[in-house]
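Shown below: my_file02.cif, with mmCIF, C-alpha atoms and all ligand atoms.
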data_my_file
#
loop_
_atom_site.label_atom_id
_atom_site.label_comp_id
_atom_site.auth_asym_id
_atom_site.auth_seq_id
_atom_site.Cartn_x
_atom_site.Cartn_y
_atom_site.Cartn_z
CA MET V 211 22.58 -6.67 3.43
CA ARG V 212 22.93 -2.86 3.30
CA CYS V 213 20.35 -0.19 4.15
CA ARG V 214 18.89 1.38 1.01
CA SER V 215 18.93 4.80 2.63
CA CYS V 216 22.20 5.01 4.63
CA ASN V 217 24.20 1.93 3.57
CA TYR V 218 24.56 0.61 7.15
CA ASP V 219 24.17 -3.15 7.86
CA ILE V 220 20.50 -4.04 8.39
CA THR V 221 19.27 -6.59 10.95
CA PRO V 222 16.69 -9.13 9.66
CA PHE V 223 13.74 -9.74 12.04
CA PHE V 224 10.89 -11.54 10.21
CA SER V 225 10.58 -13.79 7.18
CA LEU V 226 7.54 -15.07 5.29
CA GLY V 227 9.78 -17.38 3.27
CA GLU V 228 9.30 -17.78 -0.48
CA MET V 229 6.15 -15.98 -1.65
CA PRO V 230 4.54 -15.51 -5.08
CA LEU V 231 4.03 -12.02 -6.51
CA VAL V 232 0.67 -11.25 -4.94
CA ASN V 233 -0.63 -9.00 -7.72
CA SER V 234 0.20 -11.52 -10.46
CA PHE V 235 -3.02 -13.45 -11.07
CA LEU V 236 -2.58 -16.49 -13.27
CA THR V 237 -4.21 -18.24 -16.19
CA GLN V 238 -4.38 -22.03 -15.91
CA GLU V 239 -1.36 -22.33 -18.25
CA GLU V 240 0.69 -19.90 -16.13
CA ILE V 241 0.26 -21.87 -12.89
CA ALA V 242 3.05 -24.34 -13.69
CA MET V 243 5.50 -21.49 -14.41
CA GLU V 244 4.75 -19.41 -11.34
CA GLU V 245 7.85 -18.04 -9.62
CA LYS V 246 8.37 -17.35 -5.92
CA PHE V 247 10.74 -14.91 -4.26
CA ASP V 248 12.11 -14.51 -0.75
CA LEU V 249 10.07 -12.15 1.42
CA SER V 250 12.07 -11.14 4.51
CA ILE V 251 12.24 -7.87 6.35
CA GLY V 252 14.88 -6.08 8.43
CA PHE V 253 15.65 -2.95 10.47
CA CYS V 254 18.47 -0.44 10.06
CA PRO V 255 19.85 0.38 13.54
CA LYS V 256 21.45 3.58 12.20
CA CYS V 257 18.64 5.42 10.30
CA TYR V 258 15.72 3.23 11.68
CA LEU V 259 14.39 2.33 8.23
CA VAL V 260 12.44 -0.96 8.07
CA GLN V 261 12.88 -2.59 4.66
CA LEU V 262 12.85 -5.78 2.61
CA ILE V 263 16.07 -7.77 2.60
CA ASN V 264 15.75 -8.87 -1.05
CA ILE V 265 13.80 -7.08 -3.74
CA VAL V 266 12.17 -7.94 -7.05
CA SER V 267 12.89 -5.51 -9.90
CA PRO V 268 10.30 -2.73 -10.37
CA GLU V 269 10.26 -3.43 -14.13
CA ARG V 270 8.95 -6.90 -13.31
CA LEU V 271 6.43 -5.63 -10.74
CA PHE V 272 4.95 -2.46 -12.19
CA ARG V 273 5.13 -2.35 -15.98
CA ASP V 274 1.93 -4.31 -16.52
CA TYR V 275 -0.04 -3.76 -13.37
CA ILE V 276 -3.45 -5.26 -12.74
CA TYR V 277 -4.57 -2.86 -10.01
CA PHE V 278 -7.04 -0.19 -11.12
CA SER V 279 -7.63 2.10 -8.20
CA ALA V 280 -11.19 3.23 -8.97
CA THR V 281 -12.83 0.10 -7.54
CA SER V 282 -13.62 1.13 -3.97
CA LYS V 283 -16.16 3.77 -2.96
CA PHE V 284 -14.17 4.39 0.20
CA PHE V 285 -11.09 5.06 -1.95
CA LEU V 286 -12.88 7.51 -4.29
CA GLU V 287 -14.32 9.41 -1.34
CA HIS V 288 -10.83 9.63 0.11
CA CYS V 289 -9.54 11.04 -3.23
CA ARG V 290 -12.29 13.65 -3.37
CA LYS V 291 -11.59 14.78 0.17
CA THR V 292 -7.82 14.77 -0.42
CA ALA V 293 -8.16 17.14 -3.40
CA LYS V 294 -10.44 19.45 -1.44
CA ASP V 295 -8.32 19.47 1.73
CA LEU V 296 -4.96 19.93 0.00
CA THR V 297 -6.29 22.70 -2.26
CA LYS V 298 -7.40 24.59 0.83
CA LYS V 299 -4.39 23.86 3.04
CA LEU V 300 -1.81 24.71 0.34
CA ASN V 301 -3.79 27.58 -1.24
CA LEU V 302 -3.80 26.00 -4.71
CA ASN V 303 -5.51 27.85 -7.56
CA SER V 304 -5.94 27.72 -11.36
CA LYS V 305 -2.27 28.71 -11.83
CA SER V 306 -1.01 25.85 -9.65
CA LEU V 307 0.36 22.56 -10.97
CA VAL V 308 -0.28 19.26 -9.22
CA LEU V 309 2.17 16.53 -10.19
CA GLU V 310 1.15 13.06 -9.08
CA ILE V 311 3.71 10.27 -8.96
CA ALA V 312 2.25 6.79 -9.50
CA SER V 313 -1.03 8.37 -10.55
CA ASN V 314 -2.55 5.04 -11.62
CA ASP V 315 -5.79 5.52 -13.60
CA GLY V 316 -5.97 9.21 -12.63
CA SER V 317 -8.71 8.85 -10.00
CA GLN V 318 -6.98 11.33 -7.67
CA LEU V 319 -5.91 13.85 -10.32
CA LYS V 320 -9.44 13.97 -11.75
CA PHE V 321 -10.66 15.61 -8.55
CA PHE V 322 -7.96 18.32 -8.79
CA GLN V 323 -8.85 18.80 -12.46
CA ASP V 324 -12.50 19.26 -11.51
CA ILE V 325 -11.50 22.04 -9.10
CA GLY V 326 -9.74 23.78 -12.04
CA ILE V 327 -6.10 23.06 -11.16
CA LYS V 328 -3.47 22.03 -13.74
CA ILE V 329 -2.46 18.38 -13.46
CA LEU V 330 0.20 15.96 -14.66
CA GLY V 331 0.42 12.26 -13.85
CA ILE V 332 3.38 9.87 -13.97
CA ASP V 333 2.91 6.12 -13.84
CA PRO V 334 5.17 3.31 -15.06
CA ALA V 335 2.29 0.92 -15.86
CA VAL V 336 1.97 1.49 -19.60
CA ASN V 337 -1.49 -0.10 -19.82
CA ILE V 338 -2.91 2.06 -17.02
CA ALA V 339 -1.24 5.30 -18.19
CA GLU V 340 -2.82 4.75 -21.60
CA LEU V 341 -6.24 4.39 -20.01
CA ALA V 342 -5.73 7.58 -17.96
CA ASN V 343 -4.74 9.56 -21.09
CA LYS V 344 -7.83 8.30 -22.87
CA ASN V 345 -9.91 9.59 -19.97
CA GLY V 346 -8.39 13.08 -20.25
CA ILE V 347 -5.79 12.78 -17.48
CA PRO V 348 -2.37 13.65 -19.00
CA THR V 349 -0.07 10.84 -17.82
CA LEU V 350 3.54 10.00 -18.68
CA PRO V 351 4.30 6.24 -18.66
CA GLU V 352 7.60 6.49 -16.73
CA PHE V 353 9.36 5.60 -13.49
CA PHE V 354 10.06 8.71 -11.44
CA GLY V 355 13.65 9.42 -10.36
CA TYR V 356 16.38 12.08 -10.39
CA ASP V 357 17.26 11.90 -14.11
CA PHE V 358 13.63 11.90 -15.20
CA ALA V 359 12.88 14.85 -12.88
CA LYS V 360 15.77 16.85 -14.39
CA LYS V 361 14.40 16.20 -17.88
CA LEU V 362 10.92 17.27 -16.81
CA LYS V 363 12.27 20.52 -15.41
CA GLU V 364 14.76 21.36 -18.17
CA ASN V 365 12.75 20.27 -21.21
CA GLN V 366 9.20 20.99 -20.11
CA ASN V 367 9.65 23.60 -17.35
CA VAL V 368 7.79 21.42 -14.91
CA GLU V 369 7.85 22.78 -11.37
CA ALA V 370 5.07 21.67 -9.10
CA ASP V 371 3.20 23.55 -6.42
CA LEU V 372 2.09 20.17 -5.12
CA ILE V 373 3.80 16.84 -5.71
CA PHE V 374 1.48 14.10 -4.56
CA GLY V 375 2.14 10.40 -4.12
CA ALA V 376 -0.10 7.82 -2.47
CA ASN V 377 1.39 4.38 -1.99
CA VAL V 378 4.53 5.08 -3.95
CA LEU V 379 7.14 5.99 -1.32
CA ALA V 380 7.09 2.42 -0.01
CA HIS V 381 7.43 0.95 -3.51
CA VAL V 382 10.64 2.52 -4.82
CA PRO V 383 13.87 0.58 -4.11
CA GLU V 384 16.12 3.46 -5.26
CA ILE V 385 14.59 5.73 -2.68
CA ILE V 386 17.42 8.27 -2.40
CA ASP V 387 17.33 8.82 -6.17
CA PHE V 388 13.56 9.25 -5.92
CA VAL V 389 13.61 11.91 -3.17
CA ARG V 390 16.41 13.78 -4.98
CA GLY V 391 14.04 13.87 -7.98
CA VAL V 392 11.31 15.34 -5.76
CA LYS V 393 13.72 18.11 -4.75
CA VAL V 394 14.34 18.96 -8.44
CA VAL V 395 10.70 19.45 -9.52
CA LEU V 396 9.38 21.01 -6.30
CA LYS V 397 8.74 24.75 -6.65
CA GLN V 398 10.55 27.02 -4.16
CA LYS V 399 7.46 27.36 -1.94
CA GLY V 400 5.90 24.09 -3.07
CA THR V 401 4.89 21.10 -0.95
CA ALA V 402 5.30 17.40 -1.60
CA VAL V 403 2.70 15.20 0.07
CA PHE V 404 3.14 11.46 0.44
CA GLU V 405 0.79 8.87 1.88
CA PHE V 406 1.77 5.34 2.85
CA PRO V 407 0.81 2.66 5.38
CA TYR V 408 2.27 3.55 8.76
CA LEU V 409 4.81 1.23 10.37
CA LYS V 410 2.67 1.18 13.49
CA GLY V 411 0.17 -1.06 11.66
CA LEU V 412 2.84 -3.67 11.07
CA ILE V 413 3.71 -3.70 14.77
CA GLU V 414 -0.03 -4.15 15.46
CA LYS V 415 -0.02 -7.41 13.45
CA LYS V 416 -1.17 -5.96 10.11
CA PHE V 417 1.61 -8.10 8.69
CA ASP V 418 -0.12 -8.78 5.36
CA THR V 419 1.03 -5.35 4.16
CA ILE V 420 4.43 -7.04 3.73
CA TYR V 421 4.76 -7.96 0.05
CA HIS V 422 7.34 -7.57 -2.69
CA GLU V 423 5.94 -4.25 -3.92
CA HIS V 424 6.41 -2.73 -0.45
CA VAL V 425 10.14 -2.27 -0.06
CA PHE V 426 9.82 0.11 2.92
CA TYR V 427 7.71 0.28 6.14
CA TYR V 428 8.01 3.83 7.33
CA SER V 429 8.19 5.50 10.68
CA LEU V 430 8.47 9.29 10.86
CA ILE V 431 11.92 9.07 12.46
CA ALA V 432 13.22 7.05 9.50
CA LEU V 433 11.62 9.43 6.98
CA LYS V 434 13.10 12.48 8.64
CA ASN V 435 16.58 11.00 8.12
CA LEU V 436 15.73 9.98 4.56
CA PHE V 437 14.45 13.37 3.35
CA GLN V 438 17.35 15.17 5.04
CA LYS V 439 19.66 13.30 2.66
CA ALA V 440 17.99 15.10 -0.27
CA ASP V 441 17.97 18.48 1.53
CA LEU V 442 14.22 18.36 2.13
CA GLU V 443 12.27 18.79 5.36
CA ILE V 444 9.11 17.19 6.76
CA TYR V 445 7.09 20.10 8.17
CA ASP V 446 3.73 18.48 8.92
CA VAL V 447 2.15 15.06 9.36
CA GLU V 448 -1.43 13.74 9.53
CA MET V 449 -2.99 10.32 10.06
CA THR V 450 -5.43 8.94 7.46
CA PRO V 451 -7.58 5.80 7.61
CA MET V 452 -6.28 4.42 4.28
CA GLN V 453 -4.88 0.87 4.25
CA GLY V 454 -5.90 0.39 7.86
CA GLY V 455 -3.83 3.38 9.08
CA SER V 456 -1.61 5.59 6.95
CA LEU V 457 0.57 8.64 7.43
CA ARG V 458 0.39 11.71 5.21
CA ILE V 459 3.57 13.78 5.34
CA PHE V 460 4.14 17.34 4.08
CA ILE V 461 7.60 18.14 2.70
CA SER V 462 9.23 21.39 1.64
CA HIS V 463 12.63 22.87 0.94
CA PRO V 464 14.27 23.49 4.34
CA GLY V 465 12.90 26.47 6.26
CA SER V 466 10.00 27.22 3.87
CA TYR V 467 7.45 26.51 6.59
CA GLY V 468 7.73 26.08 10.34
CA ILE V 469 7.89 22.49 11.60
CA THR V 470 4.57 21.78 13.32
CA GLU V 471 3.87 20.33 16.75
CA ASN V 472 2.36 17.30 14.94
CA VAL V 473 5.81 16.36 13.66
CA LYS V 474 7.53 16.93 17.00
CA ASN V 475 4.87 15.02 18.94
CA LEU V 476 4.84 11.99 16.65
CA ILE V 477 8.63 11.75 16.68
CA ALA V 478 8.58 11.86 20.49
CA GLU V 479 5.89 9.18 20.56
CA GLU V 480 7.83 6.91 18.20
CA ILE V 481 10.98 7.17 20.32
CA LYS V 482 8.92 6.43 23.42
CA THR V 483 7.37 3.35 21.72
CA GLY V 484 10.83 2.16 20.68
CA PHE V 485 10.66 2.43 16.88
CA ASP V 486 14.38 3.24 17.05
CA LYS V 487 15.29 -0.12 18.62
CA ILE V 488 15.24 -3.68 17.28
CA GLU V 489 13.33 -5.22 20.24
CA ILE V 490 9.84 -4.07 19.19
CA TYR V 491 10.32 -5.61 15.72
CA GLN V 492 11.51 -8.92 17.12
CA GLU V 493 8.14 -9.42 18.85
CA LEU V 494 6.35 -9.49 15.51
CA ASN V 495 7.09 -13.11 14.67
CA LYS V 496 5.47 -14.47 17.84
CA ASN V 497 2.42 -12.23 17.43
CA ILE V 498 1.88 -13.38 13.84
CA GLN V 499 2.21 -17.06 14.81
CA ASP V 500 -0.45 -16.53 17.50
CA LEU V 501 -2.78 -14.96 14.94
CA LYS V 502 -2.13 -17.81 12.50
CA ASN V 503 -2.91 -20.49 15.12
CA LYS V 504 -6.17 -18.80 16.10
CA LEU V 505 -7.39 -18.38 12.55
CA MET V 506 -6.44 -21.90 11.45
CA ASN V 507 -8.15 -23.41 14.52
CA LEU V 508 -11.28 -21.45 13.71
CA LEU V 509 -11.26 -22.58 10.06
CA ASP V 510 -10.65 -26.20 11.14
CA GLU V 511 -13.68 -26.08 13.44
CA ILE V 512 -15.86 -24.56 10.73
CA LYS V 513 -14.79 -27.22 8.21
CA LYS V 514 -15.36 -30.04 10.74
CA ALA V 515 -18.88 -28.75 11.27
CA GLY V 516 -19.43 -29.17 7.51
CA LYS V 517 -19.89 -25.44 6.85
CA LYS V 518 -18.93 -23.53 3.72
CA VAL V 519 -16.38 -20.70 3.69
CA ALA V 520 -15.76 -18.25 0.85
CA ALA V 521 -13.07 -15.58 0.73
CA TYR V 522 -14.26 -12.07 -0.03
CA SER V 523 -11.91 -10.22 -2.42
CA ALA V 524 -8.38 -11.04 -3.43
CA PRO V 525 -6.25 -7.98 -2.65
CA ALA V 526 -2.45 -8.24 -2.46
CA LYS V 527 -2.61 -8.40 1.33
CA GLY V 528 -5.21 -11.17 1.17
CA ASN V 529 -2.94 -13.26 -1.02
CA ILE V 530 -0.14 -12.85 1.52
CA LEU V 531 -2.44 -14.03 4.29
CA LEU V 532 -3.67 -17.06 2.31
CA ASN V 533 -0.16 -18.08 1.29
CA TYR V 534 1.60 -17.49 4.59
CA PHE V 535 -1.08 -19.20 6.68
CA GLY V 536 -1.54 -22.01 4.14
CA ILE V 537 -5.24 -21.34 3.50
CA ASP V 538 -6.03 -23.17 0.24
CA GLU V 539 -8.91 -25.12 -1.32
CA ASN V 540 -9.00 -27.36 1.78
CA TYR V 541 -10.33 -24.40 3.76
CA ILE V 542 -11.90 -22.12 1.16
CA ASP V 543 -14.75 -23.25 -1.09
CA PHE V 544 -14.30 -20.32 -3.45
CA ILE V 545 -13.07 -16.74 -3.67
CA VAL V 546 -14.78 -13.71 -5.20
CA ASP V 547 -13.54 -10.28 -6.26
CA LYS V 548 -15.32 -7.27 -7.73
CA ALA V 549 -12.46 -6.46 -10.12
CA GLU V 550 -13.25 -7.93 -13.52
CA SER V 551 -9.52 -7.95 -14.27
CA LYS V 552 -9.09 -10.71 -11.66
CA GLN V 553 -12.20 -12.77 -12.39
CA GLY V 554 -11.57 -16.01 -14.30
CA LEU V 555 -7.92 -16.03 -13.21
CA TYR V 556 -6.26 -17.98 -10.38
CA THR V 557 -4.92 -16.44 -7.17
CA PRO V 558 -1.11 -16.26 -6.81
CA GLY V 559 0.33 -19.21 -4.88
CA THR V 560 -2.98 -20.70 -3.70
CA HIS V 561 -4.44 -21.07 -7.24
CA LEU V 562 -8.09 -20.46 -6.35
CA LEU V 563 -10.28 -19.50 -9.30
CA VAL V 564 -11.66 -15.97 -8.80
CA TYR V 565 -15.44 -15.59 -9.25
CA PRO V 566 -17.61 -12.45 -9.42
CA PRO V 567 -19.31 -11.55 -6.08
CA GLU V 568 -22.71 -12.76 -7.42
CA LYS V 569 -21.57 -16.28 -6.58
CA ILE V 570 -22.19 -15.46 -2.91
CA ASN V 571 -25.94 -15.14 -3.56
CA GLN V 572 -25.99 -18.38 -5.55
CA ASP V 573 -23.90 -20.58 -3.22
CA LYS V 574 -24.77 -18.92 0.11
CA PRO V 575 -21.59 -19.81 2.06
CA ASP V 576 -21.95 -19.88 5.86
CA TYR V 577 -18.89 -17.67 6.35
CA LEU V 578 -17.10 -14.98 4.36
CA LEU V 579 -13.43 -14.52 5.17
CA VAL V 580 -12.96 -10.78 4.54
CA LEU V 581 -9.44 -10.40 3.13
CA CYS V 582 -9.81 -6.67 2.47
CA TRP V 583 -10.17 -6.17 6.25
CA ASN V 584 -9.14 -2.50 5.93
CA ILE V 585 -12.53 -1.74 4.32
CA ALA V 586 -14.49 -4.35 6.33
CA ASP V 587 -17.17 -1.80 7.32
CA GLU V 588 -17.89 -1.01 3.68
CA ILE V 589 -18.10 -4.73 2.80
CA VAL V 590 -20.40 -5.56 5.72
CA ASP V 591 -22.61 -2.68 4.70
CA GLN V 592 -22.73 -3.77 1.04
CA LEU V 593 -23.54 -7.37 1.95
CA LYS V 594 -26.26 -6.57 4.46
CA SER V 595 -28.72 -8.98 2.83
CA TYR V 596 -26.18 -11.83 3.13
CA HIS V 597 -25.77 -11.05 6.83
CA ASP V 598 -29.53 -10.67 7.36
CA ALA V 599 -30.00 -14.15 5.87
CA GLY V 600 -27.68 -15.62 8.53
CA GLY V 601 -24.30 -15.32 6.76
CA LYS V 602 -21.30 -14.48 8.95
CA PHE V 603 -18.15 -12.45 8.34
CA ILE V 604 -14.70 -13.40 9.60
CA ILE V 605 -12.37 -10.40 9.89
CA PRO V 606 -8.90 -11.96 10.18
CA VAL V 607 -6.57 -9.00 10.85
CA PRO V 608 -5.30 -7.45 13.14
CA ASP V 609 -7.43 -9.50 15.59
CA ILE V 610 -9.95 -12.13 14.58
CA LYS V 611 -13.54 -10.94 14.74
CA ILE V 612 -16.73 -12.75 13.73
CA LEU V 613 -19.67 -10.55 12.76
ZN ZN B 701 19.84 3.03 7.31
#

Show the structure stored in the file as structure tokens.
Ligand SMILES: [Zn+2]
Amino acid sequence: MRCRSCNYDITPFFSLGEMPLVNSFLTQEEIAMEEKFDLSIGFCPKCYLVQLINIVSPERLFRDYIYFSATSKFFLEHCRKTAKDLTKKLNLNSKSLVLEIASNDGSQLKFFQDIGIKILGIDPAVNIAELANKNGIPTLPEFFGYDFAKKLKENQNVEADLIFGANVLAHVPEIIDFVRGVKVVLKQKGTAVFEFPYLKGLIEKKFDTIYHEHVFYYSLIALKNLFQKADLEIYDVEMTPMQGGSLRIFISHPGSYGITENVKNLIAEEIKTGFDKIEIYQELNKNIQDLKNKLMNLLDEIKKAGKKVAAYSAPAKGNILLNYFGIDENYIDFIVDKAESKQGLYTPGTHLLVYPPEKINQDKPDYLLVLCWNIADEIVDQLKSYHDAGGKFIIPVPDIKIL
């Protein structure tokens, strides 16, 4: 298998085997037809890019997407702060244009619009783009790439002061074509900002971020090589708490801005940690098996004691954890999720019927397995009355905690 950035032979290092598409919730009729796809991951020894070995086509994954981003308070607060911080840092004003790639329902762009900045969204999910347009967020229902970017520039004079993309850089298999497109629509002194889960999290056992939508698991050293191929330069980098630890990178045409100490320091740290060598990745398998054994032993004990366990929320990562560890109806009494779009459907692979969160108050399970562990604090806070009444939380990743 060849690297999607530099075409060198990649080295496989971890496999979850055949997995369902973890954002494809099922009706009862669809269960029998559910498909599974290989989910294995490898490392490129030449450009250091960590990537899936086999991919599922983006048309299949993203055209009719169930995820509506405006469901978490934590997320909306992050969007508000992002708009404020980037407007200040990049000196955006009413003449500026913010172009967001994979803009989803427009939650992020809305905050720029409120500040008085011009906005344009692009998202391939036709159903979600339609909703965004209805809500006053201009959104084109397209996949972003080089040809589309050229059309935008030539036919509509689109040149962005800020190109923003959260959780898109990891999702695009044709990544070189994508970054060449960024080069085309980025204004001469413009900045492109991308946010994505940091590879470091994967090394720290946050393995449930591996799913078919995530083709790439980025380190800064791999990204530096990638953007160089499109004649772009990473000039700054920040850490954000999204998805249990994300990077936010700032990209410009070469030489537009000085490369900051942040970039130099993080690259030095990554080399020191060994992100440029296969060994660190090969440890992952053993660490994940340890985590699996601990969690399954805990659930076995709880079940033997005759206690009830419910799963709290059914995010993509949660479905990976359930499927890979083999946590099904033998361990889980029921699962709840706040998103109405998932309620009444069955979880991918494990086929648990999704209930609204109110079921927790009715059934009073002894334990809640918190699958959205990245926002565990928010969940614990929201369910204070459950906890006060003696209910316990199990946080499964990256290390098991009982609260
Ligand atoms: Zn490579």

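Using only C-alpha atoms, the shortest contact distance between Asp486 in chain V and any of V:Leu302, V:Val395, V:Val260, V:Ala586 is found at V:Val260.
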
Go ahead and compute the interatomic distance for CA of Ala293 in chain V and CA of Leu319 in chain V, in Å to one decimal. 8.0 Å

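Atom to atom, CA of Phe426 in chain V and CA of Leu262 in chain V stand 6.6 Å apart.
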
Smallest atom-to-atom distance to ligand ZN 701 (chain B): which of V:Leu509, V:Ile481, V:Ile220, V:Val389, using all atoms listed in the file? V:Ile220

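Using all atoms listed in the file, residues with at least one atom at most 10 Å away from any atom of ligand ZN 701 (chain B) are Arg212, Cys213, Arg214, Ser215, Cys216, Asn217, Tyr218, Asp219, Ile220, Phe253, Cys254, Pro255, Lys256, Cys257, Tyr258, Leu259, Val260, Gln261, Ala432, Asn435 and Leu436 of chain V.
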
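Ranking V:Lys594, V:Lys434, V:Arg290, V:Lys611 by their shortest atom-to-atom distance to Val580 in chain V, with only C-alpha atoms included, puts V:Lys611 first.
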
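By chain and then residue number, the residues within 9 Å of Met506 in chain V are V:Leu501, V:Lys502, V:Asp510, V:Glu511, V:Phe535, V:Gly536, V:Ile537, V:Tyr541, counting all atoms listed in the file and disregarding those fewer than 4 positions away in sequence.
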
Suppose we keep C-alpha atoms; can you now write the selection as an mmCIF file, in the coordinates of the input?
data_model
loop_
_atom_site.group_PDB
_atom_site.id
_atom_site.type_symbol
_atom_site.label_atom_id
_atom_site.label_comp_id
_atom_site.auth_asym_id
_atom_site.auth_seq_id
_atom_site.Cartn_x
_atom_site.Cartn_y
_atom_site.Cartn_z
ATOM 1 C CA LEU V 501 -2.780 -14.960 14.940
ATOM 2 C CA LYS V 502 -2.130 -17.810 12.500
ATOM 3 C CA ASP V 510 -10.650 -26.200 11.140
ATOM 4 C CA GLU V 511 -13.680 -26.080 13.440
ATOM 5 C CA PHE V 535 -1.080 -19.200 6.680
ATOM 6 C CA GLY V 536 -1.540 -22.010 4.140
ATOM 7 C CA ILE V 537 -5.240 -21.340 3.500
ATOM 8 C CA TYR V 541 -10.330 -24.400 3.760
#

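You can rank V:Ser523, V:Lys363, V:Tyr427, V:Lys416 by their closest distance to Pro606 in chain V using all atoms listed in the file, and at the top of that list sits V:Lys416.
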
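As for CA of Ala380 in chain V and CA of Gly400 in chain V, they are spaced 21.9 Å apart.
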
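Here the question is which of V:Val368, V:Asp333, V:Glu245, V:Ser317 gets nearest to Ser282 in chain V using only C-alpha atoms, and that residue is V:Ser317.
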
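In this comparison, which uses only C-alpha atoms, the residue of V:Ile329, V:Gln453, V:Gly601, V:Phe235 approaching Ala549 in chain V most closely is V:Phe235.
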
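The set of protein, DNA and RNA residues with any counted atom at most 12 Å from (-14.0, 15.2, -1.9) (all atoms listed in the file) reads Lys283, Phe284, Phe285, Leu286, Glu287, His288, Cys289, Arg290, Lys291, Thr292, Ala293, Lys294, Asp295, Leu296, Thr297, Lys298, Ser317, Gln318, Leu319, Lys320, Phe321, Phe322, Asp324 and Ile325 of chain V.
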
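Look at Asn571 in chain V: the protein and nucleic acid residues within 10 Å of it, using only C-alpha atoms and passing over chain neighbours fewer than 4 places away, are Pro567, Pro575, Leu593, Ser595 and Tyr596 of chain V.
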
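Within the 8 Å cut-off around Val266 in chain V, using all atoms listed in the file and omitting residues fewer than 2 positions from it on the same chain, the listed residues are Phe247, Asn264, Pro268, Arg270, Leu271, His422 and Glu423 of chain V.
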
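Residues having any atom no farther than 7 Å from (12.5, -9.4, 8.2) (counting all atoms listed in the file) are Pro222, Phe223, Phe224, Ser225, Ser250, Ile251, Gly252, Leu262 and Ile263 of chain V.
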
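Excluding Gly455 in chain V and any residue on its chain fewer than 3 positions from it, the residues at most 8 Å away by all atoms listed in the file are Pro407, Tyr408, Gly411, Met449, Thr450, Pro451 and Met452 of chain V.
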